[in-house]
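Engineer: Below you will find the structure I want to go over with you.
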Amino acid sequence: MKLFCAADLHLGRVPSRLPSDLPVAREELGPAAAWRALVDACLQEGADALLLAGDVVDDPRDLYEAYADLEAGARRLQRAGVPVLAVAGNHDVRALPRLAESLPGVRLLGAGGRWEATTVGSGPDAVRVVGWSFPSEHVDASPLDAHLAAIVRAPGPSTTVGLLHADLDQASSRYAPVRGSELSAIPVTAWLLGHVHVPGRFGGGASVGYLGSLSAADPGEAGRRGAWALTIDGGQIRFEHRALSPLRYETVEVDAGGATPETVAPHLIRTVRDRLALLADASDGPNGLRVVAVRVRLTGRVERPGAIRALLAQQDPRALRVEHRGVHAVVHDVVVRLRPAVDIGRLAEGNDPIGIAARTLQTLRGDPSPAKSALVSEARERLAQVRDRAAFAPLDAPPLGDDAIVERLETAAARVVDHLLAQRTSETP
């Protein structure tokens with residue numbers, strides 16, 4: 001018995017932070033393309049069923065656009081005798097039930113927030129699938145109830161799979177908060193969750209985890225994205241991840257230590273090319289990777305960081321295009337964290353402006369401390385004041401996390417040290 005399982009397709013969503021001159025048509029990189037790859041994988045590997053853990057559609061306004069893609073895939077699966085079992089998430093609470101009514105071979109489980117079960121296959125490898133769908137956009141309480149307990153205790157297949165869109169171990173969430181300990185206590189072989197886009201770790205005794213998003217939508221969804229193949233044999237279940245997203249976001253660390261303005265660009269290109277080759281060679285088959293969108297992080301100590309920054313401003317790495325075995329790499333962002341080739345510890349011993357800036361840099365790069373927390377807290381307040389200005393209100397930017405604030409402060413402090421050192425050098429007779 002083989003089941004394919006996916007979540008958070010978000011059909012209708014457009015991938016962000018991509019250049020306008022992509023070497024691949026943008027529509028070939030989004031959720032619809034990943035959905036087609038998923039259907040292909042189900043047919044190629046002889047899946048017995050496809051399970052979808054919610055947020056199949058991104059927004060009710062995408063209903064008609066999503067229907068064409070879903071309908072085409074559902075008909076292909078129906079002709080091959082592969083049923084589709086789905087639960088609704090918070091994004092498609094209204095859209096998915098409507099679509100399921102008219103899509104061939106698609107069954108919505110747990111409509112209206114009431115647990116429901118069905119059986120896939122027959123014999124010793126038959127699987128009972130239990131599912132629950134969002135009855136409204138927000139659900140403040142755990143959906144686990146006595147009705148679910150009765151369903152899983154009823155006579156049936158020895159293997160039971162739970163399909164649920166929920167927020168794991170987030171008690172104050174408005175998106176069906178559930179506790180991992182409660183899920184583990186229910187006699188279910190595996191809980192396949194939707195909602196969080198980072199795929200979890202299945203196998204090795206783990207029985208509860210997020211499937212992760214089927215495709216990548218923005219740089220926050222870096223790494224592999226796709227679906228899971230579950231093989232059930234003799235009551236044993238095996239998980240294998242399939243990278244089906246045609247688009248992958250990656251952060252590439254470029255160690256420019258010792259580089260000069262003349263050598264930094266060739267080194268950056270080689271590093272991006274090497275990463276692309278590694279990812280392209282590991283791509284899962286013909287329906288796999290098409291584009292890798294790269295955030296370059298340029299790090300290391302150099303003699304002339306200011307000169308390298310000036311060069312990067314003139315020769316923007318975001319113009320870089322690299323290809324390997326039909327897979328293309330583009331650069332969507334460049335983070336420069338170069339440090340001057342000096343001893344920050346020695347500079348921090350001084351009481352001049354350079355010493356103050358160097359000590360601040362040491363604090364930001366060091367372990368958690370009251371001083372570091374104070375810097376982050378003050379920066380957060382100032383950023384909030386800027387974000388709340390009327391001119392920026394339409395952007396609706398979310399608050400930054402601690403790591404992002406530290407990164408911005410560290411970059412700023414490093415630039416201050418670099419600038420002050422450059423001033424000192426120019427003033428030296």
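Identifiers in the structure tokens: chain A, B, ... in order shown; residue index from 1 per chain; ligand index from 1 in order shown.
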Using only C-alpha atoms, which residues sit within 6 Å of stretch 134-143 of chain A once same-chain residues fewer than 6 positions away are excluded, as a VMD selection string?
Structural biologist: chain A and resid 88 to 90 93 112 to 113 174 to 178
Engineer: Restricted to C-alpha atoms, what would the selected residues look like written as an mmCIF file, in the first residue's frame?
Structural biologist:
```
data_model
loop_
_atom_site.group_PDB
_atom_site.id
_atom_site.type_symbol
_atom_site.label_atom_id
_atom_site.label_comp_id
_atom_site.auth_asym_id
_atom_site.auth_seq_id
_atom_site.Cartn_x
_atom_site.Cartn_y
_atom_site.Cartn_z
ATOM 1 C CA ALA A 88 -10.116 21.853 4.663
ATOM 2 C CA GLY A 89 -7.727 24.271 6.338
ATOM 3 C CA ASN A 90 -8.194 27.859 7.448
ATOM 4 C CA VAL A 93 -12.573 26.574 4.591
ATOM 5 C CA GLY A 112 -18.332 20.993 9.301
ATOM 6 C CA GLY A 113 -15.746 20.194 11.955
ATOM 7 C CA ARG A 174 -6.765 30.605 16.518
ATOM 8 C CA TYR A 175 -6.048 27.821 14.064
ATOM 9 C CA ALA A 176 -7.134 24.597 15.774
ATOM 10 C CA PRO A 177 -4.470 24.391 18.517
ATOM 11 C CA VAL A 178 -3.523 20.825 19.424
#
```
Engineer: Can you list, as a count of residues only, every protein, DNA or RNA residue that comes within 6 Å of stretch 240-257 of chain A when you count only C-alpha atoms, leaving out same-chain residues fewer than 5 positions away?
Structural biologist: 26
Engineer: List the spatial neighbours of A:Leu52 as a PyMOL selection string - criterion: any atom at most 8 Å away, only C-alpha atoms, same-chain residues fewer than 5 positions off excluded.
Structural biologist: chain A and resi 5-7+84-87+163
Engineer: Please give the complete set of residues from stretch 82-146 of chain A that DSSP, run on the backbone, assigns to strand (DSSP E or B), formatted as a PyMOL selection string.
Structural biologist: chain A and resi 84-87+106-108+116-120+127-132+139
Engineer: Can you spit out the residues from that selection as a PDB file, in the first residue's frame, using N, CA and C atoms?
Structural biologist:
```
ATOM      1  N   VAL A  84      -8.756  10.798  -4.033  1.00  0.00           N
ATOM      2  CA  VAL A  84      -8.157  11.937  -3.334  1.00  0.00           C
ATOM      3  C   VAL A  84      -8.980  12.213  -2.086  1.00  0.00           C
ATOM      4  N   LEU A  85      -8.329  12.166  -0.923  1.00  0.00           N
ATOM      5  CA  LEU A  85      -8.979  12.451   0.358  1.00  0.00           C
ATOM      6  C   LEU A  85      -8.382  13.738   0.905  1.00  0.00           C
ATOM      7  N   ALA A  86      -9.234  14.684   1.275  1.00  0.00           N
ATOM      8  CA  ALA A  86      -8.730  15.991   1.693  1.00  0.00           C
ATOM      9  C   ALA A  86      -9.495  16.498   2.904  1.00  0.00           C
ATOM     10  N   VAL A  87      -8.822  17.355   3.679  1.00  0.00           N
ATOM     11  CA  VAL A  87      -9.483  18.119   4.749  1.00  0.00           C
ATOM     12  C   VAL A  87      -9.273  19.594   4.444  1.00  0.00           C
ATOM     13  N   VAL A 106     -12.728  13.225  -5.680  1.00  0.00           N
ATOM     14  CA  VAL A 106     -12.219  13.952  -4.511  1.00  0.00           C
ATOM     15  C   VAL A 106     -13.258  13.877  -3.391  1.00  0.00           C
ATOM     16  N   ARG A 107     -12.826  13.463  -2.212  1.00  0.00           N
ATOM     17  CA  ARG A 107     -13.718  13.368  -1.058  1.00  0.00           C
ATOM     18  C   ARG A 107     -13.201  14.248   0.069  1.00  0.00           C
ATOM     19  N   LEU A 108     -14.061  15.109   0.567  1.00  0.00           N
ATOM     20  CA  LEU A 108     -13.721  15.943   1.719  1.00  0.00           C
ATOM     21  C   LEU A 108     -14.059  15.186   2.989  1.00  0.00           C
ATOM     22  N   GLU A 116     -14.377  12.261  10.657  1.00  0.00           N
ATOM     23  CA  GLU A 116     -14.916  11.275   9.745  1.00  0.00           C
ATOM     24  C   GLU A 116     -13.804  10.311   9.357  1.00  0.00           C
ATOM     25  N   ALA A 117     -14.169   9.071   9.054  1.00  0.00           N
ATOM     26  CA  ALA A 117     -13.176   8.065   8.688  1.00  0.00           C
ATOM     27  C   ALA A 117     -13.581   7.369   7.399  1.00  0.00           C
ATOM     28  N   THR A 118     -12.586   6.913   6.670  1.00  0.00           N
ATOM     29  CA  THR A 118     -12.801   6.093   5.483  1.00  0.00           C
ATOM     30  C   THR A 118     -11.645   5.119   5.378  1.00  0.00           C
ATOM     31  N   THR A 119     -11.824   4.071   4.576  1.00  0.00           N
ATOM     32  CA  THR A 119     -10.794   3.043   4.440  1.00  0.00           C
ATOM     33  C   THR A 119     -10.261   3.026   3.019  1.00  0.00           C
ATOM     34  N   VAL A 120      -8.942   2.946   2.908  1.00  0.00           N
ATOM     35  CA  VAL A 120      -8.276   2.826   1.616  1.00  0.00           C
ATOM     36  C   VAL A 120      -7.722   1.413   1.494  1.00  0.00           C
ATOM     37  N   VAL A 127      -5.761   0.752   5.072  1.00  0.00           N
ATOM     38  CA  VAL A 127      -5.481   1.894   5.953  1.00  0.00           C
ATOM     39  C   VAL A 127      -6.778   2.654   6.235  1.00  0.00           C
ATOM     40  N   ARG A 128      -6.996   2.934   7.494  1.00  0.00           N
ATOM     41  CA  ARG A 128      -8.113   3.803   7.872  1.00  0.00           C
ATOM     42  C   ARG A 128      -7.592   5.238   7.952  1.00  0.00           C
ATOM     43  N   VAL A 129      -8.268   6.144   7.284  1.00  0.00           N
ATOM     44  CA  VAL A 129      -7.892   7.551   7.295  1.00  0.00           C
ATOM     45  C   VAL A 129      -8.970   8.330   8.043  1.00  0.00           C
ATOM     46  N   VAL A 130      -8.563   9.049   9.094  1.00  0.00           N
ATOM     47  CA  VAL A 130      -9.497   9.888   9.846  1.00  0.00           C
ATOM     48  C   VAL A 130      -9.139  11.339   9.570  1.00  0.00           C
ATOM     49  N   GLY A 131     -10.155  12.171   9.391  1.00  0.00           N
ATOM     50  CA  GLY A 131      -9.888  13.568   9.068  1.00  0.00           C
ATOM     51  C   GLY A 131     -10.914  14.514   9.665  1.00  0.00           C
ATOM     52  N   TRP A 132     -10.496  15.766   9.797  1.00  0.00           N
ATOM     53  CA  TRP A 132     -11.334  16.829  10.361  1.00  0.00           C
ATOM     54  C   TRP A 132     -11.067  18.097   9.558  1.00  0.00           C
ATOM     55  N   VAL A 139     -10.581  28.697  14.535  1.00  0.00           N
ATOM     56  CA  VAL A 139     -11.014  27.695  15.503  1.00  0.00           C
ATOM     57  C   VAL A 139     -10.090  27.823  16.707  1.00  0.00           C
TER      58      VAL A 139
END
```
Engineer: As a PyMOL selection string, please: every residue in stretch 277-405 of chain A that DSSP puts in alpha helix (DSSP H).
Structural biologist: chain A and resi 277-281+305-314+344-347+353-365+370-387+402-405
Engineer: Could you make a table, as CSV, of the residues of stretch 115-198 of chain A that have an atom within 12 Å of an atom of stretch 231-236 of chain A, each with its nearest atom pair and distance in Å to one decimal, counting only C-alpha atoms, in chain and number order?
Structural biologist:
```
residue,atom,partner,partner_atom,distance
A:Val120,CA,A:Ile232,CA,11.5
A:Gly121,CA,A:Ile232,CA,11.0
A:Gly123,CA,A:Gly234,CA,10.3
A:Pro124,CA,A:Gly234,CA,6.8
A:Asp125,CA,A:Asp233,CA,6.2
A:Ala126,CA,A:Ile232,CA,8.5
A:Val127,CA,A:Ile232,CA,8.3
A:Arg128,CA,A:Ile232,CA,11.7
A:Pro157,CA,A:Gly235,CA,9.4
A:Ser158,CA,A:Gly235,CA,6.8
A:Thr159,CA,A:Gly235,CA,6.3
A:Thr160,CA,A:Gly235,CA,9.9
A:Val161,CA,A:Ile232,CA,10.8
A:Thr189,CA,A:Gln236,CA,9.3
A:Ala190,CA,A:Gln236,CA,11.0
```
Engineer: Output as CSV one row per residue of stretch 310-375 of chain A within 12 Å of stretch 13-23 of chain A: the closest atom pair and its distance in Å to one decimal place, counting only C-alpha atoms, sorted by chain and residue number ascending.
Structural biologist:
```
residue,atom,partner,partner_atom,distance
A:Arg318,CA,A:Pro19,CA,8.4
A:Ala319,CA,A:Pro19,CA,8.8
A:Leu320,CA,A:Pro19,CA,10.6
A:Arg321,CA,A:Pro23,CA,8.6
A:Val322,CA,A:Pro23,CA,10.0
A:Glu323,CA,A:Pro23,CA,9.5
A:Gly326,CA,A:Pro23,CA,10.2
A:Val327,CA,A:Pro23,CA,9.6
A:His328,CA,A:Pro23,CA,7.3
A:Ala329,CA,A:Pro23,CA,9.3
A:Val330,CA,A:Pro19,CA,7.7
A:Val331,CA,A:Pro19,CA,8.3
A:His332,CA,A:Arg17,CA,6.0
A:Asp333,CA,A:Arg17,CA,8.3
```
Engineer: Neighbours of stretch 166-173 of chain A within 7 Å (only C-alpha atoms; same-chain residues fewer than 6 positions away dropped), as a ChimeraX atom specification?
Structural biologist: /A:140,179-180,193-195
Engineer: Restrict the selected residues to N, CA and C atoms and save them as a short mmCIF file (atom, residue, chain, number, x, y, z; two decimals), in the first residue's frame.
Structural biologist:
```cif
data_model
loop_
_atom_site.label_atom_id
_atom_site.label_comp_id
_atom_site.auth_asym_id
_atom_site.auth_seq_id
_atom_site.Cartn_x
_atom_site.Cartn_y
_atom_site.Cartn_z
N ASP A 140 -10.65 28.29 17.83
CA ASP A 140 -9.82 28.60 19.00
C ASP A 140 -9.52 27.40 19.88
N ARG A 179 -2.18 19.72 21.07
CA ARG A 179 -0.94 19.39 21.77
C ARG A 179 -0.38 18.09 21.23
N GLY A 180 0.93 18.10 20.98
CA GLY A 180 1.56 16.90 20.45
C GLY A 180 1.38 15.71 21.37
N LEU A 193 0.06 16.44 9.41
CA LEU A 193 -0.47 17.77 9.69
C LEU A 193 -0.19 18.76 8.57
N GLY A 194 -1.13 19.68 8.40
CA GLY A 194 -0.93 20.83 7.54
C GLY A 194 -0.95 22.09 8.38
N HIS A 195 -0.52 23.20 7.82
CA HIS A 195 -0.57 24.54 8.40
C HIS A 195 0.82 25.17 8.45
#
```
Engineer: Extract, using only C-alpha atoms, all DNA, RNA and protein residues at most 10 Å from stretch 411-422 of chain A, discarding same-chain residues fewer than 4 positions from it, and format them as a PyMOL selection string.
Structural biologist: chain A and resi 304-306+335-342+344+347+353-362+364+405-407+426-427
Engineer: Export, as a PDB file, in the first residue's frame, the selected residues with N, CA and C atoms.
Structural biologist:
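New file selection.pdb:
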```pdb
ATOM      1  N   ARG A 304      39.636  45.545   2.445  1.00  0.00           N
ATOM      2  CA  ARG A 304      38.932  46.734   1.957  1.00  0.00           C
ATOM      3  C   ARG A 304      37.426  46.446   1.811  1.00  0.00           C
ATOM      4  N   PRO A 305      36.712  46.267   2.916  1.00  0.00           N
ATOM      5  CA  PRO A 305      35.278  45.962   2.818  1.00  0.00           C
ATOM      6  C   PRO A 305      34.483  47.073   2.140  1.00  0.00           C
ATOM      7  N   GLY A 306      34.878  48.326   2.393  1.00  0.00           N
ATOM      8  CA  GLY A 306      34.166  49.436   1.767  1.00  0.00           C
ATOM      9  C   GLY A 306      34.282  49.410   0.253  1.00  0.00           C
ATOM     10  N   VAL A 335      23.216  39.883   1.021  1.00  0.00           N
ATOM     11  CA  VAL A 335      23.477  40.391   2.367  1.00  0.00           C
ATOM     12  C   VAL A 335      24.984  40.451   2.554  1.00  0.00           C
ATOM     13  N   VAL A 336      25.521  41.643   2.751  1.00  0.00           N
ATOM     14  CA  VAL A 336      26.960  41.827   2.883  1.00  0.00           C
ATOM     15  C   VAL A 336      27.304  41.952   4.370  1.00  0.00           C
ATOM     16  N   ARG A 337      28.055  40.990   4.868  1.00  0.00           N
ATOM     17  CA  ARG A 337      28.454  41.000   6.282  1.00  0.00           C
ATOM     18  C   ARG A 337      29.976  40.867   6.379  1.00  0.00           C
ATOM     19  N   LEU A 338      30.647  41.625   5.543  1.00  0.00           N
ATOM     20  CA  LEU A 338      32.100  41.633   5.555  1.00  0.00           C
ATOM     21  C   LEU A 338      32.622  42.359   6.781  1.00  0.00           C
ATOM     22  N   ARG A 339      33.721  41.872   7.287  1.00  0.00           N
ATOM     23  CA  ARG A 339      34.341  42.501   8.450  1.00  0.00           C
ATOM     24  C   ARG A 339      35.754  42.958   8.089  1.00  0.00           C
ATOM     25  N   PRO A 340      36.153  44.069   8.628  1.00  0.00           N
ATOM     26  CA  PRO A 340      37.519  44.534   8.329  1.00  0.00           C
ATOM     27  C   PRO A 340      38.549  43.563   8.888  1.00  0.00           C
ATOM     28  N   ALA A 341      39.647  43.444   8.177  1.00  0.00           N
ATOM     29  CA  ALA A 341      40.706  42.521   8.580  1.00  0.00           C
ATOM     30  C   ALA A 341      41.489  43.119   9.738  1.00  0.00           C
ATOM     31  N   VAL A 342      40.828  43.261  10.851  1.00  0.00           N
ATOM     32  CA  VAL A 342      41.443  43.806  12.057  1.00  0.00           C
ATOM     33  C   VAL A 342      40.987  42.965  13.241  1.00  0.00           C
ATOM     34  N   ILE A 344      38.937  42.830  16.194  1.00  0.00           N
ATOM     35  CA  ILE A 344      37.834  43.542  16.831  1.00  0.00           C
ATOM     36  C   ILE A 344      38.049  43.611  18.344  1.00  0.00           C
ATOM     37  N   LEU A 347      40.302  46.509  19.056  1.00  0.00           N
ATOM     38  CA  LEU A 347      39.578  47.761  18.861  1.00  0.00           C
ATOM     39  C   LEU A 347      38.616  48.025  20.020  1.00  0.00           C
ATOM     40  N   PRO A 353      35.237  56.354  19.519  1.00  0.00           N
ATOM     41  CA  PRO A 353      34.045  55.851  18.822  1.00  0.00           C
ATOM     42  C   PRO A 353      34.233  54.463  18.211  1.00  0.00           C
ATOM     43  N   ILE A 354      35.446  54.173  17.689  1.00  0.00           N
ATOM     44  CA  ILE A 354      35.679  52.845  17.138  1.00  0.00           C
ATOM     45  C   ILE A 354      35.571  51.788  18.233  1.00  0.00           C
ATOM     46  N   GLY A 355      36.118  52.077  19.399  1.00  0.00           N
ATOM     47  CA  GLY A 355      36.041  51.140  20.511  1.00  0.00           C
ATOM     48  C   GLY A 355      34.601  50.867  20.921  1.00  0.00           C
ATOM     49  N   ILE A 356      33.779  51.931  20.980  1.00  0.00           N
ATOM     50  CA  ILE A 356      32.368  51.759  21.346  1.00  0.00           C
ATOM     51  C   ILE A 356      31.644  50.900  20.308  1.00  0.00           C
ATOM     52  N   ALA A 357      31.881  51.191  19.024  1.00  0.00           N
ATOM     53  CA  ALA A 357      31.235  50.420  17.962  1.00  0.00           C
ATOM     54  C   ALA A 357      31.707  48.969  17.979  1.00  0.00           C
ATOM     55  N   ALA A 358      33.005  48.749  18.234  1.00  0.00           N
ATOM     56  CA  ALA A 358      33.542  47.388  18.270  1.00  0.00           C
ATOM     57  C   ALA A 358      32.950  46.595  19.424  1.00  0.00           C
ATOM     58  N   ARG A 359      32.777  47.224  20.593  1.00  0.00           N
ATOM     59  CA  ARG A 359      32.175  46.520  21.735  1.00  0.00           C
ATOM     60  C   ARG A 359      30.715  46.168  21.438  1.00  0.00           C
ATOM     61  N   THR A 360      30.016  47.083  20.762  1.00  0.00           N
ATOM     62  CA  THR A 360      28.631  46.781  20.383  1.00  0.00           C
ATOM     63  C   THR A 360      28.585  45.577  19.454  1.00  0.00           C
ATOM     64  N   LEU A 361      29.532  45.530  18.505  1.00  0.00           N
ATOM     65  CA  LEU A 361      29.597  44.407  17.574  1.00  0.00           C
ATOM     66  C   LEU A 361      29.891  43.105  18.313  1.00  0.00           C
ATOM     67  N   GLN A 362      30.783  43.152  19.273  1.00  0.00           N
ATOM     68  CA  GLN A 362      31.085  41.967  20.077  1.00  0.00           C
ATOM     69  C   GLN A 362      29.841  41.472  20.818  1.00  0.00           C
ATOM     70  N   LEU A 364      26.685  41.918  19.996  1.00  0.00           N
ATOM     71  CA  LEU A 364      25.701  41.360  19.058  1.00  0.00           C
ATOM     72  C   LEU A 364      26.125  39.988  18.558  1.00  0.00           C
ATOM     73  N   ILE A 405      16.465  41.114  13.796  1.00  0.00           N
ATOM     74  CA  ILE A 405      16.896  42.395  14.373  1.00  0.00           C
ATOM     75  C   ILE A 405      18.395  42.364  14.668  1.00  0.00           C
ATOM     76  N   VAL A 406      18.871  41.261  15.237  1.00  0.00           N
ATOM     77  CA  VAL A 406      20.303  41.141  15.530  1.00  0.00           C
ATOM     78  C   VAL A 406      21.114  41.224  14.244  1.00  0.00           C
ATOM     79  N   GLU A 407      20.622  40.586  13.185  1.00  0.00           N
ATOM     80  CA  GLU A 407      21.345  40.619  11.917  1.00  0.00           C
ATOM     81  C   GLU A 407      21.446  42.043  11.381  1.00  0.00           C
ATOM     82  N   SER A 426      42.375  57.620   6.433  1.00  0.00           N
ATOM     83  CA  SER A 426      42.496  58.811   5.573  1.00  0.00           C
ATOM     84  C   SER A 426      43.069  59.992   6.324  1.00  0.00           C
ATOM     85  N   GLU A 427      42.904  60.014   7.653  1.00  0.00           N
ATOM     86  CA  GLU A 427      43.403  61.142   8.436  1.00  0.00           C
ATOM     87  C   GLU A 427      44.845  60.943   8.867  1.00  0.00           C
TER      88      GLU A 427
END
```
Engineer: So that I can see what lies close to A:Ile151, please list as a list of chain:residue names the residues with an atom at most 9 Å from it, counting only C-alpha atoms and leaving out residues fewer than 2 positions away in the same chain.
Structural biologist: A:Trp115, A:Glu116, A:Ala117, A:Val130, A:Ala146, A:His147, A:Leu148, A:Ala149, A:Arg153, A:Ala154, A:Pro155
Engineer: Can you spit out the residues from that selection as an mmCIF file, in the first residue's frame, using N, CA and C atoms?
Structural biologist:
```cif
data_model
loop_
_atom_site.group_PDB
_atom_site.id
_atom_site.type_symbol
_atom_site.label_atom_id
_atom_site.label_comp_id
_atom_site.auth_asym_id
_atom_site.auth_seq_id
_atom_site.Cartn_x
_atom_site.Cartn_y
_atom_site.Cartn_z
ATOM 1 N N TRP A 115 -15.360 14.831 12.941
ATOM 2 C CA TRP A 115 -14.427 13.804 12.506
ATOM 3 C C TRP A 115 -15.117 12.752 11.657
ATOM 4 N N GLU A 116 -14.377 12.261 10.657
ATOM 5 C CA GLU A 116 -14.916 11.275 9.745
ATOM 6 C C GLU A 116 -13.804 10.311 9.357
ATOM 7 N N ALA A 117 -14.169 9.071 9.054
ATOM 8 C CA ALA A 117 -13.176 8.065 8.688
ATOM 9 C C ALA A 117 -13.581 7.369 7.399
ATOM 10 N N VAL A 130 -8.563 9.049 9.094
ATOM 11 C CA VAL A 130 -9.497 9.888 9.846
ATOM 12 C C VAL A 130 -9.139 11.339 9.570
ATOM 13 N N ALA A 146 -14.402 13.387 21.839
ATOM 14 C CA ALA A 146 -14.834 12.021 22.120
ATOM 15 C C ALA A 146 -15.241 11.292 20.847
ATOM 16 N N HIS A 147 -15.771 12.018 19.871
ATOM 17 C CA HIS A 147 -16.171 11.368 18.619
ATOM 18 C C HIS A 147 -14.965 10.778 17.904
ATOM 19 N N LEU A 148 -13.842 11.501 17.901
ATOM 20 C CA LEU A 148 -12.616 10.966 17.317
ATOM 21 C C LEU A 148 -12.176 9.710 18.061
ATOM 22 N N ALA A 149 -12.216 9.764 19.399
ATOM 23 C CA ALA A 149 -11.809 8.609 20.200
ATOM 24 C C ALA A 149 -12.637 7.380 19.863
ATOM 25 N N ARG A 153 -11.216 3.780 17.981
ATOM 26 C CA ARG A 153 -11.315 2.554 18.784
ATOM 27 C C ARG A 153 -12.240 1.527 18.141
ATOM 28 N N ALA A 154 -12.991 1.937 17.129
ATOM 29 C CA ALA A 154 -13.895 1.010 16.455
ATOM 30 C C ALA A 154 -13.094 -0.030 15.685
ATOM 31 N N PRO A 155 -13.644 -1.225 15.506
ATOM 32 C CA PRO A 155 -12.936 -2.260 14.738
ATOM 33 C C PRO A 155 -12.605 -1.757 13.329
#
```
